[in-house]
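Trainee: Below is a structure I'd like to ask you about.
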Amino acid sequence: MSSDNRIYFQQVIHIPHNPGGTTIKPRQSSYTEADNKGIFKEALQKELGVKFSQHALQRMNSRNIKLSEADVAKLNNAVDKAAQKGAKESLVLMDNLALVVSVKNKTVITAIDGTSMKDNVFTNIDSAVII
């Protein structure tokens, strides 16, 4: 008995051997092109590590904050350490920079440079990582 295995959006559909010759149509996937883009984006993001919220990107741009690949690697490592300790919202202090990160979502919520950090109170965090 032979079978034809086809892959549709990460699903394996088994079509049994059909000696009678009637046509068997594979089940149509309910995924749309937008779903495919979302799945790809999610997989890519998992590979890349932390992402930056729109708010964080605006703050970084307005404060002329730039992170090197090495900085992002350190940030990823810090977020992983915070996750291992059960942190949910973390303040990451790196050089002359403060980043508030949603550990669960691996998302930088906001970024503050050294001069803007003075006289600030950081709320809604449950941990701090100093790198």
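Residues are referred to by chain and number: the chain letter is A, B, ... according to the order shown in the structure tokens, the number counts from 1 in that chain, and ligands are numbered separately from 1 in the order shown.
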Which residues are close to Ser62 of chain A, i.e. within 12 Å by only C-alpha atoms, leaving aside same-chain residues fewer than 4 positions away? Reply as a short mmCIF file (atom, residue, chain, number, x, y, z; two decimals) with N, CA and C atoms, in the first residue's frame.
Mentor:
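Here's the written file part-v6.cif:
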data_model
loop_
_atom_site.label_atom_id
_atom_site.label_comp_id
_atom_site.auth_asym_id
_atom_site.auth_seq_id
_atom_site.Cartn_x
_atom_site.Cartn_y
_atom_site.Cartn_z
N HIS A 55 7.56 52.14 20.62
CA HIS A 55 7.91 53.17 21.60
C HIS A 55 9.42 53.18 21.86
N ALA A 56 9.99 52.00 22.05
CA ALA A 56 11.44 51.91 22.30
C ALA A 56 12.22 52.43 21.11
N LEU A 57 11.79 52.08 19.91
CA LEU A 57 12.49 52.56 18.71
C LEU A 57 12.42 54.07 18.60
N GLN A 58 11.28 54.65 18.94
CA GLN A 58 11.14 56.11 18.91
C GLN A 58 12.07 56.76 19.93
N LYS A 66 22.26 54.01 19.87
CA LYS A 66 22.55 52.98 18.88
C LYS A 66 23.17 51.79 19.57
N THR A 110 11.16 50.30 26.53
CA THR A 110 11.68 51.66 26.40
C THR A 110 13.18 51.67 26.64
N ALA A 111 13.82 52.72 26.15
CA ALA A 111 15.26 52.87 26.29
C ALA A 111 15.56 54.29 26.77
N ILE A 112 16.46 54.40 27.73
CA ILE A 112 16.79 55.69 28.32
C ILE A 112 18.30 55.82 28.38
N ASP A 113 18.80 56.95 27.89
CA ASP A 113 20.25 57.19 27.95
C ASP A 113 20.62 57.74 29.31
N SER A 116 19.19 61.17 30.51
CA SER A 116 17.75 61.13 30.77
C SER A 116 17.41 60.26 31.97
#
Trainee: Restricting the calculation to only C-alpha atoms: of A:Asn76, A:Thr123, A:Ser90, A:Asn96, which residue gets closest to Lys51 of chain A?
Mentor: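 The closest residue to Lys51 of chain A is A:Asn76.
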Trainee: May I have the residues within 9 Å of Gly86 of chain A as a list in words, using only C-alpha atoms and disregarding those fewer than 4 positions away in the same chain?
Mentor: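 Contacts, in chain order: Lys81, Ala82 and Val103 of chain A.
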Trainee: Taking the DSSP assignment computed from this structure's backbone, write out as a VMD selection string all residues of segment 52-93 of chain A that belong to alpha helix (DSSP H).
Mentor: chain A and resid 54 to 62 69 to 84
Trainee: Okay, now the selection with C-alpha atoms, as an mmCIF file, in the first residue's frame?
Mentor:
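Result file is again28.cif:
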data_model
loop_
_atom_site.group_PDB
_atom_site.id
_atom_site.type_symbol
_atom_site.label_atom_id
_atom_site.label_comp_id
_atom_site.auth_asym_id
_atom_site.auth_seq_id
_atom_site.Cartn_x
_atom_site.Cartn_y
_atom_site.Cartn_z
ATOM 1 C CA GLN A 54 7.651 51.006 18.475
ATOM 2 C CA HIS A 55 7.913 53.175 21.595
ATOM 3 C CA ALA A 56 11.435 51.912 22.303
ATOM 4 C CA LEU A 57 12.494 52.563 18.709
ATOM 5 C CA GLN A 58 11.140 56.112 18.910
ATOM 6 C CA ARG A 59 12.972 56.729 22.190
ATOM 7 C CA MET A 60 16.205 55.288 20.824
ATOM 8 C CA ASN A 61 15.928 57.424 17.713
ATOM 9 C CA SER A 62 15.081 60.649 19.591
ATOM 10 C CA GLU A 69 25.626 43.611 17.441
ATOM 11 C CA ALA A 70 27.709 42.943 20.552
ATOM 12 C CA ASP A 71 25.319 45.111 22.617
ATOM 13 C CA VAL A 72 22.300 43.190 21.302
ATOM 14 C CA ALA A 73 24.054 39.900 22.112
ATOM 15 C CA LYS A 74 24.670 41.126 25.685
ATOM 16 C CA LEU A 75 21.039 42.222 25.918
ATOM 17 C CA ASN A 76 19.832 38.812 24.729
ATOM 18 C CA ASN A 77 22.029 37.141 27.320
ATOM 19 C CA ALA A 78 20.693 39.433 30.054
ATOM 20 C CA VAL A 79 17.073 38.714 29.088
ATOM 21 C CA ASP A 80 17.777 34.966 29.068
ATOM 22 C CA LYS A 81 19.288 35.207 32.571
ATOM 23 C CA ALA A 82 16.300 37.194 33.810
ATOM 24 C CA ALA A 83 13.937 34.590 32.322
ATOM 25 C CA GLN A 84 15.811 31.789 34.099
#
